[in-house]
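Everything below belongs to entry32.txt, which stores compact mmCIF, C-alpha atoms.
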# COMPACT_ATOMS: atom_id res chain seq x y z
CA MET E 6 273.55 194.28 -40.58
CA CYS E 7 276.67 192.19 -40.86
CA ALA E 8 278.61 192.32 -44.04
CA VAL E 9 279.89 188.79 -43.39
CA ARG E 10 276.60 187.45 -42.15
CA THR E 11 277.38 183.78 -42.72
CA ASN E 12 280.08 183.83 -40.05
CA HIS E 13 278.29 186.20 -37.73
CA LYS E 14 277.33 183.59 -35.15
CA TYR E 15 280.85 182.19 -35.10
CA TYR E 16 282.37 185.60 -34.42
CA ARG E 17 279.69 186.63 -31.95
CA LEU E 18 280.55 183.65 -29.77
CA LEU E 19 284.20 184.71 -29.75
CA LEU E 20 283.33 187.99 -28.04
CA PRO E 21 283.33 186.71 -24.43
CA ASP E 22 286.80 185.24 -24.84
CA PHE E 23 287.92 188.40 -26.61
CA VAL E 24 286.88 190.77 -23.82
CA THR E 25 288.26 188.51 -21.12
CA GLY E 26 291.61 188.15 -22.86
CA LYS E 27 291.35 184.45 -23.62
CA LEU E 28 291.44 184.62 -27.41
CA ASP E 29 294.60 183.69 -29.29
CA GLY E 30 296.29 186.03 -31.77
CA ASP E 31 294.88 184.65 -35.03
CA GLN E 32 291.33 184.62 -33.80
CA ARG E 33 291.72 188.10 -32.38
CA GLU E 34 292.72 189.43 -35.79
CA GLU E 35 289.88 187.62 -37.50
CA LEU E 36 287.41 189.00 -35.02
CA ALA E 37 288.79 192.51 -35.34
CA ALA E 38 288.21 192.34 -39.10
CA HIS E 39 284.66 191.15 -38.54
CA LEU E 40 283.94 193.84 -35.98
CA ALA E 41 284.87 196.51 -38.50
CA SER E 42 281.97 195.44 -40.68
CA CYS E 43 279.38 194.24 -38.14
CA ASP E 44 277.46 196.81 -36.13
CA GLU E 45 275.65 194.20 -34.08
CA CYS E 46 278.86 192.56 -32.90
CA ALA E 47 280.42 195.97 -32.28
CA ARG E 48 277.47 196.92 -30.04
CA SER E 49 277.70 193.61 -28.23
CA LEU E 50 281.40 194.19 -27.71
CA ASP E 51 280.77 197.62 -26.20
CA GLU E 52 278.38 196.12 -23.67
CA LEU E 53 280.77 193.33 -22.72
CA LYS E 54 283.87 195.53 -22.50
CA ASP E 55 282.60 197.41 -19.46
CA LEU E 56 281.56 194.18 -17.83
CA ALA E 57 285.01 192.68 -18.36
CA VAL E 58 286.53 195.58 -16.42
CA MET E 59 284.03 195.15 -13.60
CA LEU E 60 284.56 191.40 -13.47
CA ARG E 61 288.19 191.81 -12.53
CA GLY E 62 288.66 191.32 -8.86
CA VAL E 63 285.20 189.88 -8.26
CA ARG E 64 285.62 186.94 -5.99
CA PRO E 65 283.58 185.55 -3.10
CA ALA E 66 284.49 186.62 0.41
CA ASP E 67 287.23 184.60 2.09
CA PRO E 68 286.18 181.75 4.37
CA PRO E 69 286.57 182.26 8.13
CA THR E 70 290.13 182.37 9.44
CA HIS E 71 291.46 178.89 10.26
CA TYR E 72 288.68 177.31 8.23
CA PHE E 73 291.13 175.11 6.36
CA ASN E 74 292.42 173.75 9.67
CA THR E 75 288.95 172.38 10.37
CA VAL E 76 288.25 170.54 7.12
CA LEU E 77 290.27 167.40 7.73
CA PRO E 78 289.24 166.73 11.35
CA ARG E 79 285.55 167.07 10.47
CA LEU E 80 286.04 164.96 7.39
CA ARG E 81 287.67 162.23 9.43
CA GLU E 82 284.76 162.35 11.87
CA ARG E 83 282.25 161.97 9.08
CA ILE E 84 284.17 159.15 7.45
CA ALA E 85 284.35 157.34 10.78
CA GLY E 86 280.58 157.87 11.16
CA LYS E 87 279.93 156.54 7.70
CA VAL E 88 281.97 153.44 8.39
CA ASP E 89 279.91 152.86 11.55
CA ARG E 90 276.67 153.33 9.64
CA LYS E 91 277.78 150.94 6.95
CA GLU E 92 278.05 148.32 9.60
CA ASP E 93 274.35 148.79 10.32
CA PRO E 94 272.63 146.91 7.50
CA LEU E 95 269.28 148.42 8.38
CA ILE E 96 270.36 151.95 7.61
CA ALA E 97 272.47 151.00 4.64
CA ARG E 98 269.61 149.06 3.20
CA PHE E 99 266.60 151.21 3.93
CA LEU E 100 267.34 154.85 4.59
CA ALA E 101 268.12 156.09 1.08
CA PRO E 102 265.41 154.00 -0.61
CA LEU E 103 263.02 155.25 2.04
CA GLY E 104 263.46 158.86 1.01
CA ALA E 105 263.26 157.99 -2.67
CA LEU E 106 260.11 156.00 -1.94
CA ALA E 107 258.50 159.06 -0.41
CA ILE E 108 259.20 161.05 -3.53
CA ILE E 109 258.08 158.42 -5.98
CA ILE E 110 254.84 157.82 -4.16
CA ALA E 111 254.11 161.51 -4.27
CA VAL E 112 254.77 161.55 -7.99
CA LEU E 113 252.84 158.36 -8.62
CA LEU E 114 249.86 159.55 -6.65
CA GLN E 115 249.95 162.95 -8.25
CA VAL E 116 249.26 164.60 -4.94
CA PRO E 117 248.26 168.14 -5.87
CA LEU E 118 251.34 170.22 -5.33
CA LYS E 119 251.95 173.83 -6.06
CA LYS E 120 253.51 174.29 -9.50
CA ASP E 121 253.37 170.56 -10.06
CA ALA E 122 254.74 170.65 -13.60
CA ASP E 123 257.74 172.68 -12.49
CA LEU E 124 258.36 170.27 -9.66
CA ARG E 125 258.50 167.36 -12.05
CA ALA E 126 261.03 169.18 -14.18
CA VAL E 127 263.21 169.72 -11.13
CA LEU E 128 262.81 166.17 -9.87
CA ASP E 129 263.64 164.73 -13.27
CA GLY E 130 267.09 166.24 -12.99
CA LEU E 131 267.91 164.63 -9.66
CA GLU E 132 269.65 161.39 -8.91
CA SER E 133 268.03 158.91 -6.52
CA ASP E 134 270.36 159.78 -3.65
CA GLU E 135 269.57 163.46 -4.10
CA LEU E 136 265.86 162.72 -4.06
CA ALA E 137 266.33 160.72 -0.92
CA GLU E 138 268.31 163.50 0.67
CA VAL E 139 265.66 166.10 -0.07
CA ALA E 140 262.94 163.90 1.36
CA ILE E 141 264.88 162.89 4.43
CA GLU E 142 266.31 166.30 5.24
CA GLN E 143 263.11 168.24 4.96
CA PRO E 144 260.20 167.24 7.16
CA GLU E 145 258.28 170.25 5.84
CA TYR E 146 258.59 168.84 2.37
CA GLN E 147 257.40 165.40 3.46
CA SER E 148 254.26 166.87 4.94
CA LEU E 149 253.14 167.68 1.42
CA TYR E 150 252.65 164.00 0.75
CA LEU E 151 250.23 163.43 3.58
CA ILE E 152 248.14 160.34 3.63
CA PRO E 153 246.98 159.30 0.19
CA SER E 154 243.70 157.51 -0.42
CA THR E 155 243.46 153.74 -0.21
CA GLU E 156 242.80 153.50 -3.96
CA SER E 157 245.72 155.60 -5.03
CA LEU E 158 248.03 153.83 -2.63
CA ALA E 159 246.92 150.46 -3.93
CA SER E 160 247.63 151.65 -7.43
CA ALA E 161 251.08 152.87 -6.50
CA LEU E 162 252.02 149.75 -4.64
CA PRO E 163 250.09 146.88 -6.21
CA ASP E 164 249.68 143.30 -5.08
CA GLY E 165 249.40 144.29 -1.45
CA ALA E 166 253.16 144.17 -1.24
CA ILE E 167 253.17 146.87 1.38
CA SER E 168 250.33 147.79 3.69
CA GLN E 169 248.74 151.21 3.57
CA LYS E 170 249.38 151.68 7.24
CA LEU E 171 253.04 151.03 6.78
CA ALA E 172 253.33 153.30 3.73
CA VAL E 173 251.60 156.13 5.56
CA THR E 174 253.93 155.61 8.47
CA ILE E 175 256.89 155.83 6.16
CA LEU E 176 255.64 159.04 4.63
CA THR E 177 254.61 160.83 7.75
CA ASP E 178 256.78 159.72 10.62
CA ASN E 179 260.17 161.07 11.42
CA ASP E 180 263.21 159.17 10.24
CA ASP E 181 263.81 157.14 13.37
CA GLU E 182 260.25 155.95 13.71
CA ALA E 183 259.96 155.29 10.01
CA LEU E 184 263.16 153.34 10.13
CA LEU E 185 261.77 151.34 12.99
CA SER E 186 258.64 150.66 10.96
CA MET E 187 260.74 149.36 8.14
CA THR E 188 261.79 146.49 10.33
CA GLU E 189 258.31 145.15 9.74
CA LEU E 190 259.05 144.71 6.06
CA THR E 191 259.90 141.31 4.73
CA ASP E 192 262.62 140.79 2.16
CA ASP E 193 259.94 140.32 -0.50
CA GLU E 194 258.34 143.63 0.38
CA VAL E 195 261.65 145.40 0.12
CA LYS E 196 262.30 143.73 -3.20
CA VAL E 197 258.99 144.94 -4.59
CA ILE E 198 259.65 148.49 -3.44
CA LEU E 199 263.07 148.51 -5.04
CA GLU E 200 261.69 147.04 -8.25
CA ARG E 201 258.99 149.70 -8.40
CA MET E 202 261.61 152.36 -7.96
CA GLY E 203 263.75 150.74 -10.62
CA GLU E 204 260.87 150.79 -13.09
CA ARG E 205 260.54 154.49 -12.55
CA LYS E 206 264.31 154.95 -12.92
CA ILE E 207 264.52 156.25 -9.40
CA LEU E 208 267.14 153.69 -8.49
CA MET T 49 311.90 164.77 3.39
CA THR T 50 310.71 164.79 -0.23
CA GLU T 51 307.06 165.44 -0.76
CA ARG T 52 305.29 162.44 -2.22
CA SER T 53 303.63 162.76 -5.61
CA ASP T 54 299.87 162.45 -6.03
CA LEU T 55 300.24 158.99 -7.50
CA GLU T 56 302.45 157.86 -4.64
CA LEU T 57 299.86 159.10 -2.15
CA ILE T 58 297.05 157.35 -3.97
CA GLU T 59 299.00 154.13 -4.11
CA ALA T 60 299.88 154.38 -0.42
CA PHE T 61 296.23 154.97 0.44
CA ARG T 62 295.17 152.01 -1.67
CA GLN T 63 297.68 149.94 0.27
CA GLY T 64 295.95 150.93 3.49
CA GLU T 65 297.94 153.94 4.64
CA GLU T 66 295.14 156.18 5.92
CA SER T 67 297.39 159.17 6.50
CA ALA T 68 298.04 159.36 2.75
CA PHE T 69 294.42 160.43 2.34
CA ASN T 70 295.00 163.20 4.88
CA GLU T 71 297.86 164.48 2.77
CA ILE T 72 295.65 164.52 -0.31
CA VAL T 73 293.01 166.54 1.55
CA LEU T 74 295.52 169.02 2.90
CA ARG T 75 297.10 169.40 -0.52
CA TYR T 76 293.87 170.10 -2.40
CA GLN T 77 291.30 171.35 0.10
CA GLU T 78 291.82 174.99 -0.73
CA LYS T 79 291.58 174.50 -4.49
CA VAL T 80 288.49 172.35 -4.13
CA TYR T 81 286.92 174.88 -1.77
CA TRP T 82 287.29 177.70 -4.27
CA VAL T 83 285.90 175.65 -7.14
CA VAL T 84 282.84 174.86 -5.07
CA ARG T 85 282.54 178.33 -3.60
CA ARG T 86 282.33 179.92 -7.04
CA PHE T 87 279.24 177.85 -7.68
CA LEU T 88 277.68 178.31 -4.25
CA SER T 89 277.85 181.80 -2.86
CA SER T 90 277.39 180.74 0.74
CA HIS T 91 280.40 179.55 2.70
CA ALA T 92 278.27 177.12 4.72
CA ASP T 93 276.92 175.45 1.56
CA ALA T 94 280.41 175.32 0.08
CA ASP T 95 281.77 173.74 3.23
CA ASP T 96 279.15 170.96 3.05
CA ILE T 97 280.06 170.23 -0.53
CA VAL T 98 283.80 170.24 0.16
CA GLN T 99 283.17 167.56 2.77
CA GLU T 100 281.00 165.65 0.31
CA VAL T 101 283.67 165.84 -2.38
CA PHE T 102 286.41 164.42 -0.16
CA ILE T 103 284.14 161.70 1.15
CA LYS T 104 283.48 160.69 -2.46
CA VAL T 105 287.21 160.76 -3.08
CA TYR T 106 287.76 158.55 -0.05
CA GLU T 107 285.16 156.08 -1.23
CA ARG T 108 286.09 156.09 -4.91
CA ILE T 109 289.82 156.46 -4.94
CA ARG T 110 290.11 152.93 -6.22
CA GLU T 111 288.26 154.05 -9.36
CA PHE T 112 290.83 156.74 -10.06
CA ARG T 113 292.75 156.13 -13.26
CA SER T 114 296.07 157.81 -13.56
CA GLU T 115 295.49 158.95 -17.18
CA SER T 116 294.07 162.17 -15.82
CA GLY T 117 295.74 164.04 -12.99
CA LEU T 118 294.38 163.78 -9.47
CA TYR T 119 293.34 167.43 -9.48
CA THR T 120 291.46 166.99 -12.77
CA TRP T 121 289.57 164.14 -11.16
CA LEU T 122 288.91 166.14 -8.02
CA TYR T 123 287.82 169.13 -10.07
CA ARG T 124 285.31 167.00 -11.95
CA ILE T 125 283.89 165.60 -8.71
CA ALA T 126 283.72 169.10 -7.22
CA VAL T 127 281.90 170.54 -10.25
CA ASN T 128 279.39 167.72 -10.34
CA ALA T 129 278.78 167.94 -6.60
CA SER T 130 278.30 171.70 -6.91
CA LEU T 131 275.84 171.32 -9.76
CA ASN T 132 273.91 168.73 -7.74
CA ALA T 133 273.86 171.12 -4.80
CA LEU T 134 272.48 173.86 -7.03
CA ARG T 135 269.70 171.49 -8.11
CA ARG T 136 268.89 170.66 -4.50
CA GLN T 137 268.76 174.38 -3.76
CA LYS T 138 266.25 174.72 -6.56
CA VAL T 139 264.04 172.08 -4.96
CA ARG T 140 264.27 173.79 -1.59
CA GLU T 141 263.47 177.16 -3.11
CA PHE T 142 260.56 175.56 -4.90
CA PHE T 143 258.98 174.64 -1.60
CA GLN T 144 260.14 177.85 -0.01
CA VAL T 145 261.77 175.94 2.80
CA ASP T 146 264.09 178.20 4.73
CA SER T 147 263.33 180.87 2.18
CA LEU T 148 264.70 183.66 4.32
CA LEU T 149 267.91 181.81 4.89
CA GLU T 150 268.21 180.98 1.21
CA HIS T 151 267.71 184.62 0.33
CA GLU T 152 270.50 185.62 2.63
CA ASP T 153 272.74 182.87 1.30
CA THR T 154 272.15 183.88 -2.29
CA ARG T 155 273.30 187.36 -1.53
CA GLY T 156 276.26 185.91 0.32
CA HIS T 157 276.58 188.72 2.85
CA ARG T 158 274.67 190.74 5.40
CA PRO T 159 273.27 194.17 4.56
CA ASP T 160 275.82 195.96 6.71
CA GLN T 161 278.61 194.22 4.84
CA ALA T 162 276.96 194.92 1.53
CA ALA T 163 277.02 198.61 2.26
CA GLU T 164 280.76 198.43 2.54
CA GLN T 165 281.24 196.60 -0.72
CA ASP T 166 281.64 198.06 -4.09
CA GLU T 167 278.20 198.24 -5.70
CA ASP T 168 279.20 196.85 -9.08
CA LYS T 169 280.96 193.86 -7.56
CA ARG T 170 277.97 193.11 -5.40
CA LEU T 171 275.66 193.30 -8.39
CA ILE T 172 277.92 191.06 -10.42
CA GLU T 173 278.02 188.46 -7.65
CA GLU T 174 274.24 188.55 -7.50
CA ALA T 175 273.99 188.26 -11.26
CA ILE T 176 276.32 185.26 -11.30
CA GLN T 177 274.27 183.50 -8.64
CA ARG T 178 271.12 184.07 -10.67
CA LEU T 179 272.47 182.55 -13.87
CA PRO T 180 270.87 179.33 -15.07
CA GLU T 181 272.82 176.30 -13.89
CA LYS T 182 274.57 175.50 -17.17
CA GLN T 183 275.53 179.09 -17.91
CA LYS T 184 276.84 179.47 -14.40
CA ALA T 185 278.89 176.29 -14.72
CA VAL T 186 280.44 177.45 -17.98
CA PHE T 187 281.10 180.93 -16.59
CA VAL T 188 282.83 179.54 -13.51
CA MET T 189 284.92 177.05 -15.44
CA ARG T 190 285.80 179.25 -18.38
CA TYR T 191 286.19 182.70 -16.85
CA GLN T 192 287.14 181.98 -13.28
CA ASP T 193 288.96 178.66 -13.56
CA ASP T 194 290.38 179.29 -17.03
CA LEU T 195 289.54 175.86 -18.41
CA SER T 196 289.53 175.22 -22.16
CA TYR T 197 286.25 174.51 -23.88
CA GLU T 198 287.47 170.98 -24.53
CA GLU T 199 287.99 170.41 -20.80
CA ILE T 200 284.62 171.88 -19.92
CA ALA T 201 282.91 169.81 -22.61
CA ALA T 202 284.45 166.66 -21.12
CA ILE T 203 283.20 167.51 -17.64
CA LEU T 204 279.71 168.66 -18.60
CA LYS T 205 279.40 166.13 -21.43
CA THR T 206 278.18 168.67 -23.93
CA SER T 207 279.24 170.23 -27.24
CA ILE T 208 281.78 173.01 -27.51
CA GLY T 209 279.43 175.09 -29.66
CA GLY T 210 276.77 174.90 -26.97
CA LEU T 211 279.28 175.90 -24.32
CA LYS T 212 280.35 178.97 -26.28
CA ALA T 213 276.73 180.00 -26.63
CA ASN T 214 276.21 179.45 -22.90
CA TYR T 215 279.23 181.57 -22.09
CA PHE T 216 278.06 184.34 -24.40
CA HIS T 217 274.59 184.38 -22.85
CA ALA T 218 276.03 184.22 -19.33
CA LEU T 219 278.13 187.33 -19.86
CA HIS T 220 275.27 189.20 -21.49
CA LYS T 221 272.90 188.30 -18.66
CA ILE T 222 275.37 189.54 -16.08
CA GLU T 223 275.86 192.74 -18.04
CA GLU T 224 272.12 193.25 -18.42
CA TYR T 225 271.49 192.63 -14.72
CA VAL T 226 274.07 195.20 -13.69
CA ARG T 227 272.87 197.72 -16.26
CA ARG T 228 269.24 197.42 -15.21
CA ALA T 229 270.17 197.73 -11.55
CA HIS T 230 271.99 200.96 -12.34
CA GLN T 231 269.03 202.28 -14.31
CA SER T 232 266.59 201.57 -11.53
This entry written out as structure tokens:
Amino acid sequence: MCAVRTNHKYYRLLLPDFVTGKLDGDQREELAAHLASCDECARSLDELKDLAVMLRGVRPADPPTHYFNTVLPRLRERIAGKVDRKEDPLIARFLAPLGALAIIIAVLLQVPLKKDADLRAVLDGLESDELAEVAIEQPEYQSLYLIPSTESLASALPDGAISQKLAVTILTDNDDEALLSMTELTDDEVKVILERMGERKIL
Amino acid sequence: MTERSDLELIEAFRQGEESAFNEIVLRYQEKVYWVVRRFLSSHADADDIVQEVFIKVYERIREFRSESGLYTWLYRIAVNASLNALRRQKVREFFQVDSLLEHEDTRGHRPDQAAEQDEDKRLIEEAIQRLPEKQKAVFVMRYQDDLSYEEIAAILKTSIGGLKANYFHALHKIEEYVRRAHQS
């Protein structure tokens, strides 16, 4: 048991910096005094000391030779591609919301998914563009949303703002076809979709 | 010819000189790569995020305020992009998409390479990759990048006390993982 129990937590949290050599002189002395009277901290220190030795020199493997010569050219290519895509209002306007829409409909419809509660916890931590990316990049993932019932779809997208056929197309088709389908949407339909996403803090 | 400062490059880029952006990339790509790589064990994942970071820089350079240094700004973008990538990995793992590939990436090397590596180092790398996101972030920034708690708190928007606790638990988890592996 610690003799100076009231400060035990404070000193315990100094241990990582102590063993990795990041503690300044005053704090080091304070901690040393505490360690002399605290078995628990002394034990913790013993465990961390060996680790600190092992940690030295641990670093990920080097990237391939000449890797850094390739970063800029590829970056320039992607930037040029992005500029081109920005000039296409269809993609700029629909592609990211499309992916987010797929996710939100799945959540709204409560399609039975494995470990559903865990999924929600993960999804809650994502930004809308990340959600979109997951949905767009992973056709396997999208297949989990397959064709909801008419009732649940109507509940997710009220007022007939978007037809079931169209929503199912969005959820099940590949990106190009889905994108093509989106051309059928009117401005009002798009507005409703975006509003629904906004209500759910997806956008 | 004298090398231009970061601020001069940013200003030149803002004025439309595209090659100034190239200079920024060449100057910082290696640093950014290693920040990202410490979060993501796989080179391929790290490469994607490096590209993402510099694209964000390209798009947002007008938002840069000179109160903080350019590298501080880049570092923050790189950390946030890495954390987002870790979250996306979680989603992928959740659905077991490319699970075999993910498994290999998490280990960061092939079995034949692993055999050649020091066992403790390999275990530590594995343990670091398995840390919860926040603990991993604090470990990378505090131990590997030598940032102060104040700097980390500003990036992760969290309290210093919480960070110290995260760091403590991160080190103990790594130690425990290695110890158990040795015992088994």
Inset, instruction - Could you please tell me, as a PyMOL selection string, which residues of chain T have an atom within 6 Å of chain E when using all atoms listed in the file? - result: chain T and resi 169+212+216+223
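Atom CA of Gly86 of chain E sits 17.8 Å away from atom CA of Asp95 of chain T.
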Inset, instruction - Name the residues, using the chain letters and numbers of the file, that sit within 12 Å of (278.0, 171.8, -7.8) when counting all atoms listed in the file, and give them as JSON, numbers by chain. - result: {"T": [80, 81, 82, 83, 84, 85, 86, 87, 88, 89, 93, 94, 95, 96, 97, 98, 100, 101, 123, 124, 125, 126, 127, 128, 129, 130, 131, 132, 133, 134, 135, 136, 137, 181, 182, 184, 185, 186, 188, 189, 203, 204]}
Inset, instruction - Return the single residue from T:Gln183, T:Ser90, T:Gln192, T:Ser232 that is closest to Gly210 of chain T, with distances computed using only C-alpha atoms. - result: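 The shortest atom-to-atom distance to Gly210 of chain T comes from T:Gln183.
Remark: for His220 of chain T, the closest of the candidate residues T:Leu57, T:Ile103, T:Leu74, T:Leu179 is T:Leu179 (distances computed over only C-alpha atoms).
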Inset, instruction - Grab the atom CA of Tyr215 of chain T to atom CA of Glu174 of chain T distance for me, in Å with one decimal place. - result: 16.9 Å
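Every protein or nucleic acid residue with an atom no more than 12 Å from Ile58 of chain T, counting all atoms listed in the file and leaving out same-chain residues fewer than 3 positions away, appears here: Arg52, Ser53, Asp54, Leu55, Phe61, Arg62, Gln63, Gly64, Glu65, Glu66, Ser67, Ala68, Phe69, Asn70, Glu71, Ile72, Val73, Val105, Tyr106, Arg108, Ile109, Arg110, Glu111, Phe112, Arg113, Ser114, Gly117 and Leu118 of chain T.
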Saved selection, atoms kept: C-alpha atoms, as a PDB file, in the frame of the given file:
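Saved result, out.pdb, follows:
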ATOM      1  CA  ARG T  52     305.290 162.440  -2.220  1.00  0.00           C
ATOM      2  CA  SER T  53     303.630 162.760  -5.610  1.00  0.00           C
ATOM      3  CA  ASP T  54     299.870 162.450  -6.030  1.00  0.00           C
ATOM      4  CA  LEU T  55     300.240 158.990  -7.500  1.00  0.00           C
ATOM      5  CA  PHE T  61     296.230 154.970   0.440  1.00  0.00           C
ATOM      6  CA  ARG T  62     295.170 152.010  -1.670  1.00  0.00           C
ATOM      7  CA  GLN T  63     297.680 149.940   0.270  1.00  0.00           C
ATOM      8  CA  GLY T  64     295.950 150.930   3.490  1.00  0.00           C
ATOM      9  CA  GLU T  65     297.940 153.940   4.640  1.00  0.00           C
ATOM     10  CA  GLU T  66     295.140 156.180   5.920  1.00  0.00           C
ATOM     11  CA  SER T  67     297.390 159.170   6.500  1.00  0.00           C
ATOM     12  CA  ALA T  68     298.040 159.360   2.750  1.00  0.00           C
ATOM     13  CA  PHE T  69     294.420 160.430   2.340  1.00  0.00           C
ATOM     14  CA  ASN T  70     295.000 163.200   4.880  1.00  0.00           C
ATOM     15  CA  GLU T  71     297.860 164.480   2.770  1.00  0.00           C
ATOM     16  CA  ILE T  72     295.650 164.520  -0.310  1.00  0.00           C
ATOM     17  CA  VAL T  73     293.010 166.540   1.550  1.00  0.00           C
ATOM     18  CA  VAL T 105     287.210 160.760  -3.080  1.00  0.00           C
ATOM     19  CA  TYR T 106     287.760 158.550  -0.050  1.00  0.00           C
ATOM     20  CA  ARG T 108     286.090 156.090  -4.910  1.00  0.00           C
ATOM     21  CA  ILE T 109     289.820 156.460  -4.940  1.00  0.00           C
ATOM     22  CA  ARG T 110     290.110 152.930  -6.220  1.00  0.00           C
ATOM     23  CA  GLU T 111     288.260 154.050  -9.360  1.00  0.00           C
ATOM     24  CA  PHE T 112     290.830 156.740 -10.060  1.00  0.00           C
ATOM     25  CA  ARG T 113     292.750 156.130 -13.260  1.00  0.00           C
ATOM     26  CA  SER T 114     296.070 157.810 -13.560  1.00  0.00           C
ATOM     27  CA  GLY T 117     295.740 164.040 -12.990  1.00  0.00           C
ATOM     28  CA  LEU T 118     294.380 163.780  -9.470  1.00  0.00           C
TER      29      LEU T 118
END
